[in-house]
file structure36.txt (compact mmCIF, C-alpha atoms)
# COMPACT_ATOMS: atom_id res chain seq x y z
CA MET P 1 0.00 0.00 0.00
CA PRO P 2 1.72 3.26 -1.11
CA SER P 3 1.86 5.97 1.53
CA PRO P 4 -0.48 8.97 1.42
CA ILE P 5 0.58 12.31 -0.01
CA ASP P 6 0.94 14.96 2.68
CA PHE P 7 -0.62 18.26 1.63
CA TYR P 8 0.05 21.36 3.78
CA PHE P 9 -2.04 24.48 3.18
CA ASP P 10 -3.19 27.77 4.66
CA PHE P 11 -6.76 28.90 3.93
CA SER P 12 -5.44 32.35 2.99
CA SER P 13 -3.11 31.02 0.27
CA PRO P 14 -4.46 31.31 -3.30
CA TYR P 15 -1.97 28.76 -4.64
CA SER P 16 -3.08 26.36 -1.86
CA TYR P 17 -6.68 26.86 -2.97
CA ILE P 18 -5.81 26.04 -6.58
CA ALA P 19 -3.86 22.95 -5.50
CA SER P 20 -6.74 21.85 -3.26
CA GLU P 21 -8.84 21.55 -6.40
CA TRP P 22 -6.48 19.07 -8.13
CA ILE P 23 -4.59 17.19 -5.41
CA ASP P 24 -7.15 14.46 -4.68
CA ALA P 25 -7.64 13.62 -8.37
CA LEU P 26 -3.89 13.56 -8.98
CA ALA P 27 -3.37 11.22 -6.03
CA ALA P 28 -6.21 8.94 -7.11
CA ARG P 29 -4.71 8.60 -10.62
CA HIS P 30 -1.68 7.04 -8.93
CA GLY P 31 -3.48 4.92 -6.34
CA ARG P 32 -2.68 7.30 -3.50
CA THR P 33 -4.70 9.11 -0.89
CA VAL P 34 -4.05 12.58 0.51
CA ARG P 35 -3.51 13.59 4.12
CA TRP P 36 -4.59 17.23 4.41
CA HIS P 37 -2.84 19.50 6.94
CA ALA P 38 -4.32 22.93 7.72
CA ILE P 39 -1.48 25.14 8.99
CA LEU P 40 -0.74 28.82 9.54
CA LEU P 41 1.82 30.24 7.13
CA GLY P 42 2.57 32.94 9.68
CA ALA P 43 4.21 30.29 11.86
CA THR P 44 6.39 28.90 9.06
CA PHE P 45 7.24 32.41 7.83
CA ARG P 46 8.56 33.35 11.28
CA VAL P 47 10.95 30.38 11.32
CA SER P 48 12.16 31.03 7.76
CA GLY P 49 12.29 34.81 7.96
CA LEU P 50 9.83 35.07 5.09
CA LYS P 51 6.85 37.37 4.45
CA PRO P 52 3.72 36.96 2.33
CA PRO P 53 4.53 37.70 -1.34
CA VAL P 54 2.07 40.60 -1.41
CA GLU P 55 4.14 42.43 1.22
CA HIS P 56 7.05 42.90 -1.22
CA PRO P 57 7.00 45.80 -3.70
CA LEU P 58 7.01 44.64 -7.36
CA LYS P 59 6.37 41.04 -6.30
CA ARG P 60 2.97 42.13 -4.99
CA GLU P 61 1.73 43.33 -8.39
CA TYR P 62 3.04 40.21 -10.07
CA VAL P 63 1.52 37.64 -7.73
CA LEU P 64 -1.88 39.31 -7.72
CA ARG P 65 -1.87 38.85 -11.49
CA ASP P 66 -0.39 35.36 -11.28
CA PHE P 67 -2.95 34.10 -8.71
CA ALA P 68 -5.77 34.73 -11.18
CA ARG P 69 -3.84 33.51 -14.22
CA SER P 70 -2.73 30.32 -12.45
CA ALA P 71 -6.34 29.65 -11.43
CA ARG P 72 -7.47 30.13 -15.04
CA ALA P 73 -4.68 27.81 -16.22
CA GLU P 74 -6.13 25.10 -13.95
CA GLY P 75 -9.75 25.93 -14.77
CA VAL P 76 -10.48 26.89 -11.15
CA PRO P 77 -12.96 29.73 -10.43
CA PHE P 78 -11.13 32.53 -8.62
CA ARG P 79 -11.93 36.03 -7.39
CA GLN P 80 -9.25 37.97 -5.52
CA PRO P 81 -10.75 38.71 -2.08
CA SER P 82 -10.66 42.39 -1.12
CA ARG P 83 -9.45 41.52 2.39
CA PHE P 84 -6.23 39.62 1.79
CA PRO P 85 -4.33 37.96 3.36
CA ILE P 86 -6.46 37.10 6.38
CA ALA P 87 -6.06 35.25 9.69
CA THR P 88 -7.25 31.67 9.28
CA GLN P 89 -6.75 30.06 12.67
CA ASN P 90 -10.47 29.68 13.39
CA ALA P 91 -11.18 27.81 10.15
CA ALA P 92 -8.07 25.69 10.73
CA ARG P 93 -9.10 24.74 14.29
CA VAL P 94 -12.49 23.56 13.02
CA PHE P 95 -10.60 21.55 10.39
CA TRP P 96 -8.54 19.72 13.05
CA TRP P 97 -11.59 19.18 15.25
CA LEU P 98 -13.44 17.48 12.36
CA CYS P 99 -10.29 15.58 11.37
CA GLY P 100 -10.14 13.89 14.76
CA SER P 101 -13.34 11.96 14.12
CA ASP P 102 -13.78 12.08 10.33
CA PRO P 103 -10.87 13.05 8.01
CA ALA P 104 -13.12 13.03 4.92
CA ARG P 105 -15.41 15.56 6.56
CA SER P 106 -12.45 17.77 7.48
CA THR P 107 -11.35 17.71 3.83
CA ALA P 108 -14.86 18.70 2.77
CA TRP P 109 -14.69 21.59 5.28
CA ALA P 110 -11.33 22.68 3.87
CA ARG P 111 -12.82 22.73 0.37
CA ALA P 112 -15.85 24.66 1.60
CA CYS P 113 -13.57 27.26 3.24
CA PHE P 114 -11.34 27.68 0.19
CA ARG P 115 -14.28 27.97 -2.20
CA ALA P 116 -16.10 30.41 0.07
CA TYR P 117 -13.07 32.70 0.44
CA PHE P 118 -11.65 32.59 -3.07
CA GLY P 119 -14.90 32.01 -4.95
CA ARG P 120 -17.35 34.27 -3.08
CA GLY P 121 -15.17 36.49 -0.92
CA VAL P 122 -16.47 35.09 2.41
CA ASP P 123 -14.06 36.53 4.99
CA LEU P 124 -12.97 33.51 7.05
CA SER P 125 -11.35 35.78 9.62
CA ASP P 126 -14.73 37.31 10.52
CA PRO P 127 -16.35 35.13 13.22
CA GLU P 128 -19.88 35.95 12.03
CA ALA P 129 -19.05 35.07 8.41
CA LEU P 130 -17.35 31.87 9.54
CA LYS P 131 -20.32 30.91 11.67
CA GLY P 132 -22.53 31.43 8.64
CA LEU P 133 -20.27 29.18 6.58
CA ALA P 134 -20.32 26.54 9.34
CA ALA P 135 -24.11 26.56 9.32
CA GLU P 136 -24.17 26.28 5.52
CA PHE P 137 -21.81 23.29 5.85
CA GLY P 138 -24.14 21.59 8.32
CA LEU P 139 -22.41 22.41 11.59
CA ASP P 140 -24.02 24.09 14.56
CA PRO P 141 -22.45 27.57 14.43
CA GLN P 142 -22.33 27.81 18.23
CA VAL P 143 -20.47 24.51 18.40
CA ALA P 144 -18.05 25.68 15.72
CA GLU P 145 -17.38 28.90 17.63
CA GLY P 146 -16.85 26.84 20.79
CA VAL P 147 -14.27 24.77 18.94
CA TRP P 148 -12.17 27.68 17.74
CA ASN P 149 -12.18 29.22 21.22
CA ASP P 150 -11.25 25.91 22.89
CA PRO P 151 -7.63 25.62 24.14
CA VAL P 152 -7.65 21.97 23.03
CA TRP P 153 -8.06 22.88 19.35
CA LYS P 154 -5.78 25.90 19.64
CA GLU P 155 -3.14 23.49 20.88
CA ARG P 156 -3.91 20.97 18.11
CA LEU P 157 -3.30 23.63 15.44
CA LYS P 158 -0.09 24.69 17.16
CA GLN P 159 1.09 21.09 17.01
CA ALA P 160 0.21 20.93 13.31
CA ASN P 161 2.31 24.05 12.66
CA GLU P 162 5.24 22.62 14.59
CA ALA P 163 5.01 19.28 12.80
CA ALA P 164 4.96 21.09 9.45
CA ILE P 165 8.06 23.10 10.35
CA ALA P 166 9.77 19.89 11.50
CA ALA P 167 8.90 18.40 8.09
CA GLY P 168 10.64 21.33 6.35
CA VAL P 169 7.52 23.28 5.36
CA PHE P 170 8.21 27.01 4.78
CA GLY P 171 5.39 27.92 2.38
CA ALA P 172 2.17 26.58 0.90
CA PRO P 173 0.97 24.55 -0.80
CA PHE P 174 3.65 22.11 0.27
CA PHE P 175 3.55 18.39 -0.49
CA VAL P 176 5.58 15.43 0.69
CA ILE P 177 5.53 12.20 -1.31
CA ASP P 178 7.51 9.30 0.14
CA GLY P 179 9.81 11.80 1.86
CA GLU P 180 10.30 13.97 -1.24
CA PRO P 181 9.23 17.62 -0.76
CA PHE P 182 7.42 19.65 -3.43
CA TRP P 183 6.59 23.32 -2.89
CA GLY P 184 4.00 25.17 -4.92
CA ASN P 185 0.98 24.72 -7.11
CA ASP P 186 3.50 24.84 -9.98
CA ARG P 187 5.22 21.58 -8.95
CA LYS P 188 2.20 19.59 -10.15
CA ALA P 189 3.97 18.24 -13.25
CA GLN P 190 7.01 17.11 -11.24
CA MET P 191 4.77 15.41 -8.70
CA GLU P 192 2.88 13.64 -11.47
CA ARG P 193 6.18 12.45 -12.92
CA TRP P 194 7.45 11.30 -9.52
CA LEU P 195 4.26 9.35 -8.88
CA SER P 196 4.24 7.65 -12.26
CA GLN P 197 7.97 6.93 -12.70
CA GLY P 198 9.40 7.10 -9.20
CA PRO P 199 12.43 9.22 -8.25
CA PHE P 200 14.07 11.16 -11.11
CA MET O 1 5.95 40.67 -36.82
CA PRO O 2 5.31 39.55 -33.21
CA SER O 3 7.43 41.26 -30.57
CA PRO O 4 10.42 39.51 -28.99
CA ILE O 5 10.20 37.80 -25.61
CA ASP O 6 12.15 39.66 -22.94
CA PHE O 7 14.21 37.28 -20.78
CA TYR O 8 15.83 38.66 -17.60
CA PHE O 9 18.44 36.55 -15.83
CA ASP O 10 21.31 36.58 -13.35
CA PHE O 11 24.28 34.28 -14.02
CA SER O 12 24.11 33.08 -10.40
CA SER O 13 20.48 31.88 -10.67
CA PRO O 14 20.05 28.12 -11.24
CA TYR O 15 16.47 28.54 -12.43
CA SER O 16 17.69 31.17 -14.92
CA TYR O 17 20.26 28.69 -16.19
CA ILE O 18 17.61 26.02 -16.71
CA ALA O 19 15.35 28.52 -18.50
CA SER O 20 18.26 29.68 -20.68
CA GLU O 21 18.40 26.16 -22.08
CA TRP O 22 14.76 26.17 -23.28
CA ILE O 23 13.75 29.79 -23.93
CA ASP O 24 15.09 30.14 -27.49
CA ALA O 25 13.50 26.88 -28.67
CA LEU O 26 10.19 27.80 -27.03
CA ALA O 27 10.20 31.21 -28.71
CA ALA O 28 11.11 29.72 -32.09
CA ARG O 29 8.18 27.28 -31.91
CA HIS O 30 5.92 30.32 -31.81
CA GLY O 31 7.72 32.48 -34.37
CA ARG O 32 9.29 34.70 -31.73
CA THR O 33 12.79 35.80 -30.91
CA VAL O 34 14.25 36.42 -27.45
CA ARG O 35 15.83 39.57 -26.10
CA TRP O 36 18.26 38.48 -23.36
CA HIS O 37 18.88 40.82 -20.40
CA ALA O 38 21.75 40.09 -18.00
CA ILE O 39 20.90 41.75 -14.66
CA LEU O 40 21.95 41.59 -11.02
CA LEU O 41 19.35 40.07 -8.73
CA GLY O 42 20.97 41.94 -5.85
CA ALA O 43 19.62 45.18 -7.34
CA THR O 44 16.06 43.88 -7.72
CA PHE O 45 16.16 42.22 -4.29
CA ARG O 46 17.04 45.54 -2.67
CA VAL O 47 14.00 47.25 -4.20
CA SER O 48 11.66 44.39 -3.28
CA GLY O 49 13.10 43.66 0.16
CA LEU O 50 13.86 40.09 -0.89
CA LYS O 51 16.83 37.81 -0.25
CA PRO O 52 18.22 34.83 -2.16
CA PRO O 53 16.18 31.70 -1.34
CA VAL O 54 19.23 29.96 0.10
CA GLU O 55 19.48 32.62 2.83
CA HIS O 56 16.23 31.45 4.44
CA PRO O 57 16.23 28.50 6.87
CA LEU O 58 14.12 25.55 5.62
CA LYS O 59 13.74 27.15 2.19
CA ARG O 60 17.48 26.73 1.67
CA GLU O 61 17.39 22.93 1.99
CA TYR O 62 14.36 22.74 -0.27
CA VAL O 63 15.66 24.88 -3.10
CA LEU O 64 19.04 23.16 -3.19
CA ARG O 65 17.13 19.95 -3.81
CA ASP O 66 14.70 21.58 -6.21
CA PHE O 67 17.43 23.19 -8.36
CA ALA O 68 18.82 19.75 -9.23
CA ARG O 69 15.41 18.11 -9.60
CA SER O 70 14.10 20.91 -11.83
CA ALA O 71 17.21 20.59 -14.01
CA ARG O 72 16.65 16.84 -14.32
CA ALA O 73 12.97 17.45 -15.16
CA GLU O 74 14.14 19.59 -18.11
CA GLY O 75 16.99 17.28 -19.06
CA VAL O 76 19.58 19.97 -18.35
CA PRO O 77 22.99 18.93 -16.92
CA PHE O 78 23.44 20.54 -13.51
CA ARG O 79 25.98 20.43 -10.69
CA GLN O 80 25.44 22.63 -7.65
CA PRO O 81 28.51 24.93 -7.48
CA SER O 82 30.29 24.87 -4.11
CA ARG O 83 30.57 28.68 -4.14
CA PHE O 84 26.99 29.86 -4.38
CA PRO O 85 25.56 32.39 -4.91
CA ILE O 86 28.32 34.49 -6.47
CA ALA O 87 28.78 38.05 -7.75
CA THR O 88 28.15 38.14 -11.49
CA GLN O 89 28.69 41.75 -12.51
CA ASN O 90 31.86 41.05 -14.52
CA ALA O 91 30.22 38.38 -16.67
CA ALA O 92 27.18 40.63 -17.10
CA ARG O 93 29.27 43.64 -18.22
CA VAL O 94 30.95 41.51 -20.90
CA PHE O 95 27.46 40.41 -21.95
CA TRP O 96 26.33 44.02 -22.48
CA TRP O 97 29.57 44.94 -24.25
CA LEU O 98 29.07 42.08 -26.75
CA CYS O 99 25.38 42.90 -27.05
CA GLY O 100 26.15 46.40 -28.30
CA SER O 101 27.67 45.09 -31.53
CA ASP O 102 26.34 41.51 -31.82
CA PRO O 103 23.34 40.34 -29.75
CA ALA O 104 23.73 36.72 -30.98
CA ARG O 105 27.28 36.67 -29.68
CA SER O 106 26.18 38.06 -26.31
CA THR O 107 23.61 35.26 -26.08
CA ALA O 108 26.32 32.72 -26.85
CA TRP O 109 28.43 34.28 -24.08
CA ALA O 110 25.51 34.04 -21.66
CA ARG O 111 25.12 30.35 -22.47
CA ALA O 112 28.87 29.78 -22.08
CA CYS O 113 28.80 31.46 -18.64
CA PHE O 114 25.76 29.50 -17.42
CA ARG O 115 27.14 26.18 -18.62
CA ALA O 116 30.58 26.87 -17.17
CA TYR O 117 29.20 27.79 -13.74
CA PHE O 118 26.41 25.24 -13.39
CA GLY O 119 27.95 22.49 -15.46
CA ARG O 120 31.63 22.63 -14.49
CA GLY O 121 31.75 24.81 -11.40
CA VAL O 122 33.74 27.63 -13.05
CA ASP O 123 33.54 30.49 -10.53
CA LEU O 124 32.44 33.49 -12.61
CA SER O 125 33.20 35.83 -9.69
CA ASP O 126 36.91 34.94 -9.84
CA PRO O 127 38.61 37.27 -12.38
CA GLU O 128 41.20 34.64 -13.35
CA ALA O 129 38.56 31.98 -13.93
CA LEU O 130 36.46 34.44 -15.92
CA LYS O 131 39.47 35.46 -18.04
CA GLY O 132 40.04 31.77 -18.72
CA LEU O 133 36.44 31.37 -19.81
CA ALA O 134 36.70 34.47 -22.01
CA ALA O 135 39.77 32.99 -23.76
CA GLU O 136 37.96 29.67 -24.23
CA PHE O 137 35.06 31.63 -25.77
CA GLY O 138 37.41 33.35 -28.22
CA LEU O 139 37.81 36.71 -26.52
CA ASP O 140 41.12 38.32 -25.61
CA PRO O 141 41.14 37.93 -21.81
CA GLN O 142 42.85 41.30 -21.33
CA VAL O 143 40.18 42.99 -23.39
CA ALA O 144 37.46 41.23 -21.39
CA GLU O 145 39.04 42.39 -18.14
CA GLY O 146 39.27 45.91 -19.53
CA VAL O 147 35.55 45.78 -20.29
CA TRP O 148 34.45 44.78 -16.80
CA ASN O 149 36.62 47.48 -15.26
CA ASP O 150 35.37 50.15 -17.66
CA PRO O 151 32.91 52.73 -16.21
CA VAL O 152 31.01 52.66 -19.52
CA TRP O 153 30.02 49.00 -19.11
CA LYS O 154 29.48 49.36 -15.37
CA GLU O 155 27.00 52.08 -16.24
CA ARG O 156 25.39 49.97 -18.97
CA LEU O 157 24.71 47.16 -16.49
CA LYS O 158 23.32 49.65 -13.99
CA GLN O 159 20.93 50.88 -16.65
CA ALA O 160 19.88 47.30 -17.38
CA ASN O 161 19.10 46.74 -13.71
CA GLU O 162 17.09 49.95 -13.53
CA ALA O 163 15.17 49.10 -16.69
CA ALA O 164 14.37 45.65 -15.29
CA ILE O 165 13.08 47.14 -12.03
CA ALA O 166 10.99 49.62 -14.03
CA ALA O 167 9.56 46.64 -15.95
CA GLY O 168 8.50 45.02 -12.66
CA VAL O 169 11.29 42.44 -12.40
CA PHE O 170 11.92 41.26 -8.82
CA GLY O 171 13.43 37.81 -9.43
CA ALA O 172 14.82 35.61 -12.17
CA PRO O 173 14.24 34.14 -14.60
CA PHE O 174 11.64 36.74 -15.49
CA PHE O 175 9.94 36.96 -18.88
CA VAL O 176 7.70 39.54 -20.50
CA ILE O 177 5.59 38.57 -23.51
CA ASP O 178 3.54 41.34 -25.11
CA GLY O 179 3.45 43.13 -21.75
CA GLU O 180 2.48 40.01 -19.75
CA PRO O 181 4.96 39.10 -16.97
CA PHE O 182 5.98 35.53 -16.16
CA TRP O 183 8.29 34.76 -13.24
CA GLY O 184 10.15 31.49 -12.89
CA ASN O 185 11.41 28.51 -14.80
CA ASP O 186 8.13 26.89 -13.71
CA ARG O 187 5.99 29.30 -15.75
CA LYS O 188 7.08 27.57 -18.98
CA ALA O 189 3.73 25.84 -19.53
CA GLN O 190 1.77 29.06 -19.02
CA MET O 191 4.09 30.90 -21.43
CA GLU O 192 3.65 28.17 -24.01
CA ARG O 193 -0.13 28.44 -23.64
CA TRP O 194 -0.03 32.25 -23.88
CA LEU O 195 2.07 32.08 -27.03
CA SER O 196 -0.11 29.49 -28.75
CA GLN O 197 -3.58 30.71 -27.71
CA GLY O 198 -3.07 34.33 -26.71
CA PRO O 199 -4.26 35.80 -23.39
CA PHE O 200 -6.13 33.39 -21.09

call {"tool": "encode", "arguments": {"input": "structure36.txt", "output": "structure tokens"}}
result
Amino acid sequence: MPSPIDFYFDFSSPYSYIASEWIDALAARHGRTVRWHAILLGATFRVSGLKPPVEHPLKREYVLRDFARSARAEGVPFRQPSRFPIATQNAARVFWWLCGSDPARSTAWARACFRAYFGRGVDLSDPEALKGLAAEFGLDPQVAEGVWNDPVWKERLKQANEAAIAAGVFGAPFFVIDGEPFWGNDRKAQMERWLSQGPF
Amino acid sequence: MPSPIDFYFDFSSPYSYIASEWIDALAARHGRTVRWHAILLGATFRVSGLKPPVEHPLKREYVLRDFARSARAEGVPFRQPSRFPIATQNAARVFWWLCGSDPARSTAWARACFRAYFGRGVDLSDPEALKGLAAEFGLDPQVAEGVWNDPVWKERLKQANEAAIAAGVFGAPFFVIDGEPFWGNDRKAQMERWLSQGPF
């Protein structure tokens, strides 16, 4: 049984959103499953001394253009949110809470969050908007809010960030296949090659 | 007559080297030519507040692995130089000097520099090594040395850096096709699509 593909993402990362739309199908084509990891890029950026690309002059203008173009290249609907980037810890804590009992449901939640933020501009950092999204997804919004305020799930997300950093993650999307790291939505072709032919 | 593709590179950039091996063929497939621009990433990094990827913890280990893997993915011979990154202004000044009278010859020089550094570990920042490479290329090494010490060609390179920054360049390789910017060796597929189908 081949090992799952590890997929690290932050809900505020457009390239993570695009990758989230193709990763499961890519894995399935090669008889693999995907282990999704919601993390906070802020934590990995601190360790690496990095900043979001939109905080750099020149790079900012480029990536805003490239987000949309890369989404079109993959056929993924995309609308640049007006509030960007945003804090995503609440959505991520709900992800880990769901993951504890039902990983498939946590993946569905991750997709719902990505599509809401990058498809419809739902601000995941706004507790009221996130409660509305939780309700739409079939969760009790009060329960969801209880989860993201619960020290247990705060701690679970912290552990996920630390595990990601220990695995070498410094950006998102980040993938690990049989110990081989791949960073970026644009490493799709190399991943496909690795999965079909093995190490190259 | 379609406009040329602008290709910005630094001789110390592995991804620029890889791109230098495919850009002319890609352009030719679409009836285009390529205008090569030797620049110094140090100048664009200063404006953007960026640093070389190998100066960031975690990212460093990843990119060193990815340089070699990306070269293999393109079938380009690659050996990580032990001195890396290096100062490339002397090689770049010779490039602009040759470009003034014979752009094709400057392109050939650029290829010779990239292949020497990333194929055989020739340290382009070492004046003796660079004079040796100039002689191998068919230039008088004393003349080449005179060029890189000449304020005229220092100024020409400075202008090239400033023009690149004005064009939005913050990293390398960087390409502009009909006003559309593409950053990275990994934007090859999007460039190919743009050239064959037009804007998407």

call {"tool": "interface_residues", "arguments": {"input": "structure36.txt", "of": "chain O", "to": "chain P", "cutoff": "6 Å", "atoms": "only C-alpha atoms", "output": "compact mmCIF listing (two decimals) with C-alpha atoms, in the frame of the given file"}}
result
# COMPACT_ATOMS: atom_id res chain seq x y z
CA SER O 48 11.66 44.39 -3.28
CA HIS O 56 16.23 31.45 4.44
CA PRO O 57 16.23 28.50 6.87
CA LEU O 58 14.12 25.55 5.62
CA GLY O 168 8.50 45.02 -12.66

call {"tool": "atom_distance", "arguments": {"input": "structure36.txt", "atom1": "atom CA of Ala135 of chain P", "atom2": "atom CA of Leu157 of chain P"}}
result
21.9 Å

call {"tool": "residues_around", "arguments": {"input": "structure36.txt", "residues": "Leu98 of chain O", "least_positions_apart": "4", "cutoff": "12 Å", "atoms": "all atoms listed in the file", "output": "PDB file with C-alpha atoms, keeping the file's coordinate frame"}}
result
ATOM      1  CA  TRP O  36      18.260  38.480 -23.360  1.00  0.00           C
ATOM      2  CA  ALA O  38      21.750  40.090 -18.000  1.00  0.00           C
ATOM      3  CA  ALA O  91      30.220  38.380 -16.670  1.00  0.00           C
ATOM      4  CA  ALA O  92      27.180  40.630 -17.100  1.00  0.00           C
ATOM      5  CA  ARG O  93      29.270  43.640 -18.220  1.00  0.00           C
ATOM      6  CA  VAL O  94      30.950  41.510 -20.900  1.00  0.00           C
ATOM      7  CA  ASP O 102      26.340  41.510 -31.820  1.00  0.00           C
ATOM      8  CA  PRO O 103      23.340  40.340 -29.750  1.00  0.00           C
ATOM      9  CA  ALA O 104      23.730  36.720 -30.980  1.00  0.00           C
ATOM     10  CA  ARG O 105      27.280  36.670 -29.680  1.00  0.00           C
ATOM     11  CA  SER O 106      26.180  38.060 -26.310  1.00  0.00           C
ATOM     12  CA  THR O 107      23.610  35.260 -26.080  1.00  0.00           C
ATOM     13  CA  ALA O 108      26.320  32.720 -26.850  1.00  0.00           C
ATOM     14  CA  TRP O 109      28.430  34.280 -24.080  1.00  0.00           C
ATOM     15  CA  ALA O 110      25.510  34.040 -21.660  1.00  0.00           C
ATOM     16  CA  ALA O 134      36.700  34.470 -22.010  1.00  0.00           C
ATOM     17  CA  LEU O 139      37.810  36.710 -26.520  1.00  0.00           C
ATOM     18  CA  VAL O 143      40.180  42.990 -23.390  1.00  0.00           C
ATOM     19  CA  ALA O 144      37.460  41.230 -21.390  1.00  0.00           C
ATOM     20  CA  VAL O 147      35.550  45.780 -20.290  1.00  0.00           C
ATOM     21  CA  TRP O 148      34.450  44.780 -16.800  1.00  0.00           C
ATOM     22  CA  TRP O 153      30.020  49.000 -19.110  1.00  0.00           C
ATOM     23  CA  ARG O 156      25.390  49.970 -18.970  1.00  0.00           C
TER      24      ARG O 156
END

call {"tool": "atom_distance", "arguments": {"input": "structure36.txt", "atom1": "atom CA of Phe118 of chain P", "atom2": "atom CA of Ile39 of chain P"}}
result
17.4 Å

call {"tool": "atom_distance", "arguments": {"input": "structure36.txt", "atom1": "atom CA of Ser3 of chain P", "atom2": "atom CA of Ala164 of chain P"}}
result
17.3 Å

call {"tool": "residues_around", "arguments": {"input": "structure36.txt", "residues": "segment 119-126 of chain P", "least_positions_apart": "6", "cutoff": "10 Å", "atoms": "only C-alpha atoms", "output": "list of chain:residue names"}}
result
P:Phe11, P:Ser12, P:Tyr17, P:Val76, P:Pro77, P:Phe78, P:Arg79, P:Gln80, P:Pro81, P:Ser82, P:Arg83, P:Phe84, P:Pro85, P:Ile86, P:Ala87, P:Thr88, P:Gln89, P:Asn90, P:Ala91, P:Ala92, P:Ala112, P:Cys113, P:Gly132, P:Leu133

call {"tool": "closest_residue", "arguments": {"input": "structure36.txt", "among": "P:Phe175, P:Trp97, P:Phe114, P:Trp194", "to": "Ile18 of chain P", "atoms": "all atoms listed in the file"}}
result
P:Phe114

call {"tool": "residues_near_point", "arguments": {"input": "structure36.txt", "point": "(13.5, 33.2, -25.4)", "cutoff": "6 Å", "atoms": "all atoms listed in the file", "output": "JSON, numbers by chain"}}
result
{"O": [5, 23, 24, 27, 34]}

call {"tool": "axis_aligned_box", "arguments": {"input": "structure36.txt", "around": "segment 55-72 of chain O", "padding_each_side": "5 Å", "output": "JSON"}}
result
{"center_x": 16.6, "center_y": 24.7, "center_z": -3.7, "size_x": 15.7, "size_y": 25.8, "size_z": 31.2}

call {"tool": "residues_around", "arguments": {"input": "structure36.txt", "residues": "Leu195 of chain O", "least_positions_apart": "3", "cutoff": "10 Å", "atoms": "all atoms listed in the file", "output": "JSON, numbers by chain"}}
result
{"O": [26, 27, 29, 30, 31, 32, 177, 178, 189, 190, 191, 192, 198, 199]}

call {"tool": "closest_residue", "arguments": {"input": "structure36.txt", "among": "P:Gly146, P:Gly179, P:Pro173, P:Pro52", "to": "Tyr15 of chain P", "atoms": "only C-alpha atoms"}}
result
P:Pro173

call {"tool": "decode", "arguments": {"input": "structure36.txt", "residues": "segment 146-155 of chain O", "atoms": "N, CA, C and O atoms", "output": "mmCIF file, in the first residue's frame"}}
result
data_model
loop_
_atom_site.group_PDB
_atom_site.id
_atom_site.type_symbol
_atom_site.label_atom_id
_atom_site.label_comp_id
_atom_site.auth_asym_id
_atom_site.auth_seq_id
_atom_site.Cartn_x
_atom_site.Cartn_y
_atom_site.Cartn_z
ATOM 1 N N GLY O 146 39.411 44.461 -19.327
ATOM 2 C CA GLY O 146 39.272 45.910 -19.528
ATOM 3 C C GLY O 146 37.809 46.317 -19.580
ATOM 4 O O GLY O 146 37.410 47.354 -19.032
ATOM 5 N N VAL O 147 36.982 45.475 -20.178
ATOM 6 C CA VAL O 147 35.547 45.778 -20.290
ATOM 7 C C VAL O 147 34.905 45.818 -18.905
ATOM 8 O O VAL O 147 34.188 46.756 -18.558
ATOM 9 N N TRP O 148 35.164 44.792 -18.091
ATOM 10 C CA TRP O 148 34.451 44.781 -16.799
ATOM 11 C C TRP O 148 34.968 45.800 -15.810
ATOM 12 O O TRP O 148 34.315 46.070 -14.813
ATOM 13 N N ASN O 149 36.127 46.390 -16.108
ATOM 14 C CA ASN O 149 36.617 47.485 -15.258
ATOM 15 C C ASN O 149 36.283 48.863 -15.828
ATOM 16 O O ASN O 149 36.609 49.884 -15.213
ATOM 17 N N ASP O 150 35.640 48.891 -16.963
ATOM 18 C CA ASP O 150 35.369 50.146 -17.663
ATOM 19 C C ASP O 150 34.053 50.778 -17.160
ATOM 20 O O ASP O 150 33.012 50.123 -17.171
ATOM 21 N N PRO O 151 34.127 52.066 -16.716
ATOM 22 C CA PRO O 151 32.910 52.728 -16.207
ATOM 23 C C PRO O 151 31.757 52.701 -17.208
ATOM 24 O O PRO O 151 30.593 52.700 -16.805
ATOM 25 N N VAL O 152 32.079 52.668 -18.503
ATOM 26 C CA VAL O 152 31.013 52.655 -19.518
ATOM 27 C C VAL O 152 30.148 51.404 -19.363
ATOM 28 O O VAL O 152 28.914 51.469 -19.399
ATOM 29 N N TRP O 153 30.784 50.255 -19.178
ATOM 30 C CA TRP O 153 30.019 48.995 -19.110
ATOM 31 C C TRP O 153 29.457 48.752 -17.712
ATOM 32 O O TRP O 153 28.446 48.064 -17.562
ATOM 33 N N LYS O 154 30.096 49.361 -16.705
ATOM 34 C CA LYS O 154 29.483 49.360 -15.370
ATOM 35 C C LYS O 154 28.152 50.117 -15.425
ATOM 36 O O LYS O 154 27.142 49.680 -14.882
ATOM 37 N N GLU O 155 28.193 51.246 -16.112
ATOM 38 C CA GLU O 155 27.000 52.083 -16.238
ATOM 39 C C GLU O 155 25.921 51.372 -17.059
ATOM 40 O O GLU O 155 24.731 51.432 -16.741
#
